[in-house]
file entry_18.cif (mmCIF, C-alpha atoms and all ligand atoms)
data_my_file
#
loop_
_atom_site.label_atom_id
_atom_site.label_comp_id
_atom_site.auth_asym_id
_atom_site.auth_seq_id
_atom_site.Cartn_x
_atom_site.Cartn_y
_atom_site.Cartn_z
CA MET A 1 16.58 -11.52 -5.01
CA ASP A 2 19.23 -14.09 -4.24
CA TYR A 3 18.52 -17.73 -4.99
CA TRP A 4 20.64 -20.78 -4.32
CA GLU A 5 19.72 -24.14 -5.84
CA ASP A 6 21.57 -25.82 -2.96
CA GLY A 7 22.27 -23.33 -0.19
CA VAL A 8 23.41 -23.16 3.40
CA VAL A 9 22.28 -20.77 6.14
CA VAL A 10 24.44 -20.32 9.22
CA VAL A 11 22.45 -19.16 12.26
CA GLU A 12 24.22 -17.84 15.35
CA GLY A 13 21.86 -17.12 18.21
CA GLU A 14 18.99 -15.07 16.85
CA LEU A 15 20.77 -13.89 13.72
CA ILE A 16 21.82 -15.18 10.34
CA ALA A 17 25.61 -15.13 10.18
CA GLU A 18 26.16 -16.41 6.65
CA VAL A 19 24.21 -17.47 3.57
CA GLY A 20 25.52 -18.91 0.34
CA PRO A 21 25.95 -21.98 -1.83
CA TYR A 22 26.35 -25.19 0.17
CA ASP A 23 30.02 -26.05 0.54
CA GLY A 24 29.57 -29.75 1.39
CA LEU A 25 30.71 -29.35 5.02
CA PRO A 26 28.74 -31.04 7.82
CA VAL A 27 25.52 -29.24 8.92
CA ASP A 28 23.30 -29.48 11.99
CA GLU A 29 20.16 -29.96 9.92
CA ASP A 30 19.74 -31.00 6.32
CA LEU A 31 16.47 -29.46 5.14
CA ARG A 32 16.70 -30.75 1.56
CA PRO A 33 14.61 -31.08 -0.44
CA GLY A 34 12.71 -27.97 0.43
CA LEU A 35 12.57 -24.26 -0.23
CA LEU A 36 13.74 -22.05 2.64
CA THR A 37 12.45 -18.47 2.50
CA PRO A 38 12.32 -15.56 4.91
CA GLY A 39 9.25 -15.66 7.16
CA PHE A 40 6.22 -13.85 5.76
CA VAL A 41 4.87 -10.46 6.81
CA ASP A 42 1.11 -9.90 7.15
CA ALA A 43 0.38 -6.18 7.40
CA HIS A 44 -3.33 -6.44 8.12
CA VAL A 45 -5.27 -9.20 9.90
CA HIS A 46 -8.12 -9.32 12.44
CA TYR A 47 -7.72 -11.99 15.12
CA PRO A 48 -11.31 -11.83 16.46
CA GLN A 49 -12.58 -12.63 12.97
CA SER A 50 -10.68 -15.87 12.57
CA ARG A 51 -13.80 -17.98 13.17
CA ILE A 52 -15.95 -16.25 10.56
CA VAL A 53 -13.75 -16.84 7.53
CA GLY A 54 -16.06 -17.47 4.60
CA ALA A 55 -19.03 -15.44 5.88
CA ALA A 56 -20.39 -14.35 2.50
CA SER A 57 -22.95 -12.01 4.01
CA GLY A 58 -22.66 -8.98 1.77
CA PRO A 59 -20.50 -5.99 0.89
CA LEU A 60 -18.48 -4.22 3.60
CA LEU A 61 -21.10 -2.44 5.70
CA GLU A 62 -23.62 -5.31 5.60
CA TRP A 63 -20.87 -7.88 6.27
CA LEU A 64 -19.69 -5.87 9.30
CA ALA A 65 -23.22 -5.65 10.73
CA ARG A 66 -24.27 -9.23 9.98
CA SER A 67 -21.10 -11.23 10.57
CA VAL A 68 -18.28 -9.24 12.16
CA PHE A 69 -19.81 -7.18 14.95
CA PRO A 70 -21.79 -10.08 16.50
CA GLN A 71 -18.61 -12.21 16.53
CA GLU A 72 -16.37 -9.47 17.94
CA GLN A 73 -18.75 -8.94 20.88
CA ARG A 74 -17.82 -12.42 22.09
CA PHE A 75 -14.29 -11.20 22.91
CA ALA A 76 -15.60 -9.57 26.09
CA ASP A 77 -15.25 -13.15 27.38
CA ASP A 78 -11.57 -13.77 28.25
CA GLY A 79 -11.97 -17.53 28.00
CA TYR A 80 -13.26 -17.30 24.45
CA ALA A 81 -10.57 -14.74 23.55
CA ARG A 82 -7.86 -17.09 24.85
CA GLU A 83 -9.16 -20.06 22.89
CA VAL A 84 -9.29 -18.08 19.64
CA ALA A 85 -5.97 -16.29 20.28
CA ASP A 86 -4.12 -19.58 20.72
CA SER A 87 -5.43 -21.09 17.49
CA PHE A 88 -5.01 -17.82 15.58
CA VAL A 89 -1.36 -17.50 16.63
CA GLU A 90 -0.72 -21.13 15.73
CA GLY A 91 -2.39 -20.43 12.38
CA LEU A 92 0.04 -17.58 11.68
CA ALA A 93 3.06 -19.76 12.52
CA ARG A 94 1.66 -22.61 10.41
CA ALA A 95 1.26 -20.20 7.49
CA GLY A 96 4.95 -19.23 7.77
CA THR A 97 4.04 -15.73 8.94
CA THR A 98 6.58 -14.40 11.42
CA LEU A 99 5.57 -10.72 11.68
CA ALA A 100 2.00 -9.38 11.60
CA MET A 101 0.05 -6.22 12.28
CA ILE A 102 -3.01 -7.51 14.13
CA TYR A 103 -6.32 -5.85 14.95
CA GLY A 104 -8.11 -7.00 18.10
CA SER A 105 -11.67 -6.37 19.22
CA VAL A 106 -12.55 -3.27 21.28
CA HIS A 107 -11.64 -5.16 24.45
CA ALA A 108 -8.15 -4.31 25.77
CA SER A 109 -8.22 -7.60 27.74
CA ALA A 110 -8.62 -9.58 24.49
CA THR A 111 -5.55 -7.85 23.02
CA GLN A 112 -3.58 -8.54 26.22
CA ILE A 113 -4.53 -12.22 25.80
CA LEU A 114 -3.44 -12.13 22.14
CA LEU A 115 -0.07 -10.58 23.08
CA GLU A 116 0.45 -13.29 25.71
CA ALA A 117 -0.25 -15.96 23.07
CA LEU A 118 2.18 -14.30 20.62
CA GLU A 119 4.79 -14.07 23.35
CA ALA A 120 4.41 -17.75 24.24
CA ARG A 121 4.68 -18.78 20.58
CA GLY A 122 7.60 -16.42 19.93
CA LEU A 123 6.18 -14.49 16.96
CA ARG A 124 6.71 -10.81 16.11
CA ALA A 125 3.69 -8.52 16.00
CA ILE A 126 2.29 -5.04 16.23
CA ALA A 127 -1.18 -5.36 17.75
CA GLY A 128 -3.90 -3.33 19.39
CA PRO A 129 -7.59 -3.21 20.24
CA VAL A 130 -9.80 -1.38 17.74
CA LEU A 131 -11.18 1.97 18.87
CA MET A 132 -14.95 2.43 18.32
CA ASP A 133 -17.14 5.00 20.03
CA VAL A 134 -19.94 5.91 17.62
CA ASP A 135 -22.42 4.33 15.24
CA SER A 136 -21.65 0.76 16.31
CA PRO A 137 -23.52 -1.88 18.31
CA GLU A 138 -23.87 -0.84 21.97
CA ALA A 139 -21.67 -3.72 23.17
CA LEU A 140 -18.78 -2.56 20.97
CA ILE A 141 -18.83 1.10 21.96
CA ARG A 142 -15.94 2.13 24.19
CA PRO A 143 -15.76 5.90 24.82
CA PRO A 144 -12.34 7.56 24.58
CA GLU A 145 -12.16 8.23 28.33
CA LEU A 146 -12.17 4.44 28.88
CA ALA A 147 -10.54 3.11 25.71
CA LEU A 148 -7.45 5.35 25.63
CA PRO A 149 -6.29 4.85 29.25
CA GLU A 150 -6.72 1.09 28.70
CA LEU A 151 -4.68 1.29 25.51
CA GLU A 152 -1.99 3.37 27.21
CA ALA A 153 -1.75 0.84 30.04
CA LEU A 154 -1.37 -1.94 27.48
CA ALA A 155 1.37 0.00 25.67
CA GLU A 156 3.16 0.55 28.98
CA ARG A 157 2.91 -3.13 29.87
CA TRP A 158 4.57 -4.24 26.60
CA ARG A 159 7.01 -1.34 26.24
CA GLY A 160 10.51 -2.46 25.29
CA HIS A 161 9.50 -6.00 24.32
CA PRO A 162 11.97 -7.35 21.73
CA ARG A 163 9.27 -8.67 19.37
CA LEU A 164 5.89 -7.20 20.34
CA GLN A 165 4.53 -3.66 20.06
CA VAL A 166 1.15 -2.12 20.82
CA ALA A 167 -0.57 -0.11 18.06
CA VAL A 168 -3.21 2.62 18.00
CA ILE A 169 -6.10 1.45 15.80
CA PRO A 170 -9.12 3.70 15.25
CA ARG A 171 -11.20 1.06 13.42
CA PHE A 172 -12.36 3.35 10.62
CA ALA A 173 -13.74 6.87 10.43
CA LEU A 174 -17.37 5.73 10.62
CA SER A 175 -16.86 4.09 14.03
CA CYS A 176 -14.92 7.03 15.55
CA SER A 177 -15.81 10.47 16.86
CA VAL A 178 -13.54 13.43 16.14
CA GLU A 179 -12.60 13.38 19.82
CA MET A 180 -11.56 9.71 19.56
CA MET A 181 -9.42 10.27 16.46
CA GLU A 182 -7.67 13.28 17.97
CA ALA A 183 -6.94 11.53 21.24
CA ALA A 184 -5.74 8.42 19.39
CA ALA A 185 -3.34 10.47 17.24
CA GLU A 186 -2.05 12.24 20.34
CA LEU A 187 -1.44 8.98 22.20
CA ALA A 188 0.42 7.52 19.20
CA ARG A 189 2.58 10.65 19.00
CA ALA A 190 3.30 10.80 22.71
CA ARG A 191 4.32 7.14 22.96
CA ASP A 192 5.75 6.70 19.45
CA LEU A 193 3.27 3.96 18.54
CA TRP A 194 2.19 2.69 15.13
CA VAL A 195 -1.20 3.82 13.84
CA SER A 196 -3.39 1.68 11.62
CA THR A 197 -6.88 2.04 10.20
CA HIS A 198 -9.04 1.22 7.18
CA ILE A 199 -9.56 3.66 4.31
CA SER A 200 -11.32 3.95 0.98
CA GLU A 201 -12.53 0.36 0.78
CA ASN A 202 -16.13 0.58 -0.36
CA ALA A 203 -18.16 3.17 -2.29
CA ASP A 204 -20.96 3.42 0.33
CA GLU A 205 -18.41 3.73 3.13
CA ILE A 206 -16.59 6.55 1.32
CA ALA A 207 -19.80 8.49 0.58
CA LEU A 208 -20.98 8.20 4.20
CA THR A 209 -17.57 9.23 5.55
CA CYS A 210 -17.18 12.29 3.35
CA ALA A 211 -20.76 13.38 4.14
CA ARG A 212 -20.43 12.89 7.90
CA PHE A 213 -17.13 14.74 8.20
CA GLN A 214 -17.86 17.22 5.41
CA ALA A 215 -14.58 16.30 3.77
CA GLN A 216 -13.39 16.55 0.16
CA ASP A 217 -12.05 13.02 0.34
CA TYR A 218 -11.52 10.17 2.82
CA LEU A 219 -7.82 10.78 3.50
CA GLU A 220 -8.60 14.34 4.60
CA VAL A 221 -10.64 13.01 7.54
CA TYR A 222 -7.60 11.25 9.00
CA GLU A 223 -5.17 14.02 7.99
CA ARG A 224 -7.19 16.60 9.89
CA HIS A 225 -6.78 14.66 13.11
CA GLY A 226 -3.05 13.95 12.76
CA LEU A 227 -3.37 10.27 11.89
CA ILE A 228 -1.43 10.22 8.60
CA HIS A 229 2.37 9.88 8.75
CA ALA A 230 5.19 7.42 8.06
CA ARG A 231 4.15 5.24 11.01
CA THR A 232 0.59 4.79 9.70
CA VAL A 233 -0.60 1.63 7.95
CA LEU A 234 -3.72 2.10 5.85
CA ALA A 235 -5.67 -0.96 4.78
CA HIS A 236 -7.21 -1.05 1.28
CA CYS A 237 -6.69 2.40 -0.41
CA ILE A 238 -8.81 1.20 -3.33
CA HIS A 239 -10.68 4.28 -4.55
CA PHE A 240 -8.19 7.10 -3.93
CA SER A 241 -8.21 10.27 -6.07
CA PRO A 242 -4.92 11.41 -7.67
CA SER A 243 -4.63 14.00 -4.90
CA GLU A 244 -4.97 11.34 -2.18
CA TRP A 245 -2.21 9.28 -3.84
CA GLU A 246 0.05 12.34 -3.93
CA ARG A 247 -0.56 13.04 -0.25
CA MET A 248 0.09 9.37 0.65
CA ALA A 249 3.45 9.63 -1.12
CA GLU A 250 4.28 12.86 0.66
CA ALA A 251 3.43 11.38 4.06
CA GLN A 252 5.18 8.06 3.22
CA ALA A 253 2.22 6.31 4.87
CA VAL A 254 2.06 2.56 4.28
CA VAL A 255 -0.49 0.84 2.04
CA ALA A 256 -1.68 -2.51 3.41
CA HIS A 257 -2.85 -4.13 0.18
CA CYS A 258 -5.51 -6.79 0.81
CA PRO A 259 -6.49 -8.10 -2.63
CA ASP A 260 -8.20 -11.33 -1.54
CA SER A 261 -10.43 -9.40 0.88
CA ASN A 262 -11.16 -6.77 -1.78
CA ALA A 263 -12.26 -9.49 -4.18
CA PHE A 264 -14.37 -11.40 -1.63
CA LEU A 265 -16.32 -8.34 -0.45
CA GLY A 266 -16.56 -6.95 -3.99
CA SER A 267 -14.87 -3.77 -2.80
CA GLY A 268 -12.91 -3.19 -6.01
CA SER A 269 -9.33 -3.46 -7.26
CA MET A 270 -6.52 -1.35 -5.81
CA PRO A 271 -4.62 0.45 -8.63
CA VAL A 272 -1.20 -0.87 -7.70
CA GLY A 273 0.46 1.12 -10.51
CA GLU A 274 -0.29 4.31 -8.54
CA VAL A 275 1.71 2.91 -5.61
CA LEU A 276 4.64 1.87 -7.80
CA ALA A 277 4.71 5.18 -9.70
CA ARG A 278 5.14 7.09 -6.43
CA ASP A 279 7.30 4.62 -4.51
CA ILE A 280 4.77 4.43 -1.67
CA PRO A 281 5.62 1.77 0.94
CA LEU A 282 3.40 -1.29 0.53
CA ALA A 283 2.87 -4.51 2.44
CA ILE A 284 0.40 -7.34 1.92
CA GLY A 285 -2.48 -8.00 4.30
CA SER A 286 -4.38 -11.26 4.50
CA ASP A 287 -7.26 -9.29 6.07
CA VAL A 288 -8.76 -12.41 7.56
CA ALA A 289 -11.75 -12.74 7.77
CA ALA A 290 -12.68 -10.78 4.64
CA GLY A 291 -9.56 -12.42 3.27
CA ARG A 292 -10.01 -16.18 3.16
CA SER A 293 -6.58 -17.40 4.16
CA LEU A 294 -3.74 -16.51 6.53
CA SER A 295 -1.34 -17.62 3.80
CA ILE A 296 0.68 -14.68 2.46
CA PRO A 297 1.52 -16.58 -0.76
CA HIS A 298 -2.28 -16.88 -1.22
CA GLY A 299 -2.53 -13.10 -0.77
CA LEU A 300 0.37 -12.53 -3.18
CA ALA A 301 -1.35 -14.65 -5.85
CA HIS A 302 -4.39 -12.40 -5.44
CA ALA A 303 -2.11 -9.35 -5.65
CA TYR A 304 -0.85 -10.63 -8.99
CA ASP A 305 -4.43 -11.03 -10.30
CA ASN A 306 -5.37 -7.61 -8.91
CA GLY A 307 -2.35 -6.15 -10.73
CA LEU A 308 -3.45 -7.64 -14.04
CA ARG A 309 -6.99 -6.29 -13.57
CA THR A 310 -5.60 -2.80 -13.01
CA GLY A 311 -3.10 -2.88 -15.88
CA THR A 312 0.11 -3.80 -14.04
CA ARG A 313 1.86 -7.14 -14.58
CA LEU A 314 3.82 -7.72 -11.35
CA ASP A 315 7.12 -9.58 -11.28
CA PRO A 316 6.87 -12.57 -8.89
CA ARG A 317 10.14 -11.36 -7.33
CA ARG A 318 8.45 -8.11 -6.37
CA LEU A 319 5.52 -10.04 -4.92
CA LEU A 320 7.81 -12.14 -2.74
CA TRP A 321 9.67 -8.99 -1.67
CA TRP A 322 6.38 -7.38 -0.59
CA GLY A 323 5.52 -10.50 1.40
CA THR A 324 8.92 -10.55 3.15
CA ALA A 325 11.62 -7.82 3.17
CA GLY A 326 9.48 -5.07 1.67
CA GLY A 327 6.64 -5.74 4.08
CA ALA A 328 9.04 -5.85 7.02
CA GLN A 329 10.62 -2.56 5.97
CA ALA A 330 7.18 -0.95 5.59
CA LEU A 331 6.38 -2.03 9.17
CA GLY A 332 9.62 -0.57 10.56
CA HIS A 333 11.52 -3.86 10.69
CA GLY A 334 13.92 -3.12 7.84
CA PRO A 335 17.64 -2.35 8.14
CA THR A 336 16.90 1.36 8.50
CA GLY A 337 13.53 1.09 10.20
CA THR A 338 12.31 2.50 13.44
CA GLY A 339 11.43 -0.80 15.05
CA GLY A 340 12.45 0.42 18.47
CA GLY A 341 15.58 -1.69 18.70
CA LEU A 342 14.14 -4.71 16.89
CA GLY A 343 16.46 -6.46 14.44
CA ALA A 344 15.93 -6.25 10.70
CA VAL A 345 13.79 -9.07 9.33
CA GLY A 346 12.57 -10.28 5.96
CA ARG A 347 15.75 -11.49 4.24
CA LEU A 348 18.03 -14.47 4.47
CA ALA A 349 21.13 -12.34 4.72
CA PRO A 350 23.94 -11.83 7.26
CA GLY A 351 22.87 -9.66 10.17
CA TYR A 352 19.16 -10.27 9.68
CA ALA A 353 17.11 -12.09 12.29
CA ALA A 354 16.72 -15.80 11.52
CA ASP A 355 12.99 -15.62 10.73
CA MET A 356 12.40 -18.36 8.16
CA ALA A 357 9.86 -20.76 6.69
CA LEU A 358 10.49 -24.11 5.03
CA HIS A 359 8.26 -25.12 2.12
CA PRO A 360 7.99 -28.55 0.60
CA VAL A 361 8.14 -28.00 -3.16
CA PRO A 362 7.55 -30.79 -5.68
CA SER A 363 10.72 -32.57 -6.81
CA TYR A 364 10.17 -31.57 -10.45
CA VAL A 365 10.41 -27.87 -9.59
CA GLU A 366 13.67 -26.41 -10.87
CA GLY A 367 15.38 -23.07 -10.69
CA GLU A 368 14.39 -19.70 -9.34
CA ASP A 369 11.37 -19.18 -11.59
CA GLY A 370 10.06 -22.67 -10.91
CA ALA A 371 10.46 -22.25 -7.15
CA LEU A 372 8.71 -18.86 -7.19
CA GLY A 373 5.88 -20.18 -9.33
CA ALA A 374 5.31 -23.15 -7.04
CA LEU A 375 5.55 -21.01 -3.91
CA LEU A 376 3.20 -18.24 -5.04
CA PHE A 377 0.83 -19.60 -7.63
CA ASP A 378 0.30 -23.33 -7.14
CA ALA A 379 -3.01 -23.23 -5.27
CA ASP A 380 -2.60 -26.87 -4.25
CA ARG A 381 0.78 -26.16 -2.71
CA PRO A 382 1.40 -27.81 0.63
CA ARG A 383 1.73 -25.53 3.65
CA PRO A 384 5.12 -24.73 5.20
CA THR A 385 6.44 -27.57 7.29
CA ARG A 386 8.57 -25.51 9.67
CA THR A 387 8.75 -21.88 10.80
CA TRP A 388 11.42 -20.09 12.84
CA VAL A 389 11.57 -16.68 14.50
CA ALA A 390 14.93 -15.34 15.71
CA GLY A 391 16.42 -18.80 15.21
CA ARG A 392 13.84 -20.49 17.41
CA GLU A 393 11.41 -22.98 15.89
CA VAL A 394 7.84 -21.70 16.36
CA TYR A 395 6.08 -24.30 14.26
CA SER A 396 6.79 -27.79 12.99
CA ALA A 397 4.35 -29.94 11.07
CA GLY A 398 5.95 -32.93 12.79
CA ALA A 399 6.93 -36.28 11.36
CA GLY A 400 4.43 -37.59 8.83
CA ALA A 401 2.22 -34.50 9.04
CA ALA A 402 3.74 -32.76 6.03
CA ASP A 403 1.14 -33.21 3.33
CA GLY A 404 3.39 -34.52 0.62
CA GLY A 405 5.09 -32.71 -2.18
CA ALA A 406 8.75 -32.94 -1.30
CA GLY A 407 10.34 -35.52 -3.56
ZN ZN B 1 -9.50 -5.12 7.91
#

call {"tool": "encode", "arguments": {"input": "entry_18.cif", "output": "structure tokens"}}
result
Amino acid sequence: MDYWEDGVVVVEGELIAEVGPYDGLPVDEDLRPGLLTPGFVDAHVHYPQSRIVGAASGPLLEWLARSVFPQEQRFADDGYAREVADSFVEGLARAGTTLAMIYGSVHASATQILLEALEARGLRAIAGPVLMDVDSPEALIRPPELALPELEALAERWRGHPRLQVAVIPRFALSCSVEMMEAAAELARARDLWVSTHISENADEIALTCARFQAQDYLEVYERHGLIHARTVLAHCIHFSPSEWERMAEAQAVVAHCPDSNAFLGSGSMPVGEVLARDIPLAIGSDVAAGRSLSIPHGLAHAYDNGLRTGTRLDPRRLLWWGTAGGAQALGHGPTGTGGGLGAVGRLAPGYAADMALHPVPSYVEGEDGALGALLFDADRPRPTRTWVAGREVYSAGAGAADGGAG
């Protein structure tokens, strides 16, 4: 990690041209005092759940039935979807998040509305409707012969967009038939789309999944249908066997680590040492609404606690890397990624896209360790005051709205 006590960033167009210690020459904007970081990366978040944050209605399967599924049914209504999409997208920008992998509801129209809101705001995202065709409330069942052509049309509509991509998202094994999973994997392969799903979150979920599919373990269910590869993002990965961890490493599939969500639903603690030992790509997910905040620093603080619980003391520099450059790389937005022509993001470095967030830190904070501590672990920290994507401001708290802190 590079840190400058008093630094300057030169932005030319969408890209960062230069970064280094401030040389005293005139600048267009003096952002001092304040901590400028790369924009954050959220690898797992559900936009149609953004109004049920805090629903403490039980462990995973009960919480889905009681709180999530009734709410997600409302996204059949385009007007409601638009209202929530606009505030959700503003919430991401306000949190300093500049790239996110976003789950929609089953309704392709609600994801189209989300993509329009992301486009208008200027954020980067990989987003898709969730696929569900079995064992779900009637109103959320969308058979493959309807869901996949809708998804393909959506992918076609957004193909080649510089910041937005459409993803293939079988919600989780329990909501998908074999036919759905196979067709989803095929569509992702044919159109080179990201795949994302949930895995190994909750003991009851795992037992039901292995029984229904007569599988040795959870990962096998997705492997069988061609869903596990280096363009797959798997949320949770809490209760994997050693064999599942080995196969994750072999596939170079991405772990979306959602420690706040895992704590809130009582799902368990992800053994992060297994990920580090095998160099498996990892990114942090807020997992709103099981996660209670869109703030990636909030998620990183939970990742630190989760690490301690599982016997791994994480360096705050590694946490910040996961929330920025590491997360971006895991989602194909790194310098050697397969982002389909998208620029590299996640660092303040020459050649990277100018995706940045400005944080008011207290005036007494000094040095790299102090700045990292305040950014990641001070739970009373003020929110970012400004956010940029590709050099364009996508959020500003406005004059007087910054809630203190900067001295
Ligand atoms: Zn989730």

call {"tool": "residues_near_ligand", "arguments": {"input": "entry_18.cif", "ligand": "ligand ZN 1 (chain B)", "cutoff": "8 Å", "atoms": "only C-alpha atoms and all ligand atoms", "output": "JSON list (two decimals) with C-alpha atoms, in the frame of the given file"}}
result
[["chain", "number", "residue", "atom", "x", "y", "z"],
["A", 44, "HIS", "CA", -3.33, -6.44, 8.12],
["A", 45, "VAL", "CA", -5.27, -9.20, 9.90],
["A", 46, "HIS", "CA", -8.12, -9.32, 12.44],
["A", 103, "TYR", "CA", -6.32, -5.85, 14.95],
["A", 197, "THR", "CA", -6.88, 2.04, 10.20],
["A", 198, "HIS", "CA", -9.04, 1.22, 7.18],
["A", 235, "ALA", "CA", -5.67, -0.96, 4.78],
["A", 287, "ASP", "CA", -7.26, -9.29, 6.07],
["A", 288, "VAL", "CA", -8.76, -12.41, 7.56],
["A", 289, "ALA", "CA", -11.75, -12.74, 7.77],
["A", 290, "ALA", "CA", -12.68, -10.78, 4.64]]

call {"tool": "residues_around", "arguments": {"input": "entry_18.cif", "residues": "Ala100 in chain A", "least_positions_apart": "3", "cutoff": "6 Å", "atoms": "all atoms listed in the file", "output": "VMD selection string"}}
result
chain A and resid 41 to 43 125

call {"tool": "atom_distance", "arguments": {"input": "entry_18.cif", "atom1": "CA of Asp380 in chain A", "atom2": "CA of Pro362 in chain A"}}
result
11.0 Å

call {"tool": "closest_residue", "arguments": {"input": "entry_18.cif", "among": "A:Ala184, A:Ala117, A:Ala256, A:Ile52", "to": "Met101 in chain A", "atoms": "all atoms listed in the file"}}
result
A:Ala256

call {"tool": "residues_around", "arguments": {"input": "entry_18.cif", "residues": "Tyr3 in chain A", "least_positions_apart": "6", "cutoff": "9 Å", "atoms": "only C-alpha atoms", "output": "list in words"}}
result
Gly20, Gly367 and Glu368 of chain A

call {"tool": "write_last_selection", "arguments": {"input": "entry_18.cif", "atoms": "C-alpha atoms", "output": "PDB file, in the coordinates of the input"}}
result
ATOM      1  CA  GLY A  20      25.520 -18.910   0.340  1.00  0.00           C
ATOM      2  CA  GLY A 367      15.380 -23.070 -10.690  1.00  0.00           C
ATOM      3  CA  GLU A 368      14.390 -19.700  -9.340  1.00  0.00           C
TER       4      GLU A 368
END

call {"tool": "atom_distance", "arguments": {"input": "entry_18.cif", "atom1": "CA of Gly334 in chain A", "atom2": "CA of Gly351 in chain A"}}
result
11.3 Å

call {"tool": "residues_around", "arguments": {"input": "entry_18.cif", "residues": "Glu179 in chain A", "least_positions_apart": "4", "cutoff": "9 Å", "atoms": "only C-alpha atoms", "output": "list in words"}}
result
Pro144, Ala183, Ala184 and His225 of chain A

call {"tool": "atom_distance", "arguments": {"input": "entry_18.cif", "atom1": "CA of Gln329 in chain A", "atom2": "CA of Val254 in chain A"}}
result
10.1 Å

call {"tool": "closest_residue", "arguments": {"input": "entry_18.cif", "among": "A:Arg392, A:His229, A:Arg292, A:His107", "to": "Asp260 in chain A", "atoms": "all atoms listed in the file"}}
result
A:Arg292

call {"tool": "residues_around", "arguments": {"input": "entry_18.cif", "residues": "Met1 in chain A", "least_positions_apart": "6", "cutoff": "9 Å", "atoms": "all atoms listed in the file", "output": "short mmCIF file (atom, residue, chain, number, x, y, z; two decimals) with C-alpha atoms, in the coordinates of the input"}}
result
data_model
loop_
_atom_site.label_atom_id
_atom_site.label_comp_id
_atom_site.auth_asym_id
_atom_site.auth_seq_id
_atom_site.Cartn_x
_atom_site.Cartn_y
_atom_site.Cartn_z
CA ARG A 317 10.14 -11.36 -7.33
CA ARG A 318 8.45 -8.11 -6.37
CA TRP A 321 9.67 -8.99 -1.67
#

call {"tool": "closest_residue", "arguments": {"input": "entry_18.cif", "among": "A:Pro281, A:Pro170, A:Gly268, A:Pro143", "to": "Ser200 in chain A", "atoms": "all atoms listed in the file"}}
result
A:Gly268
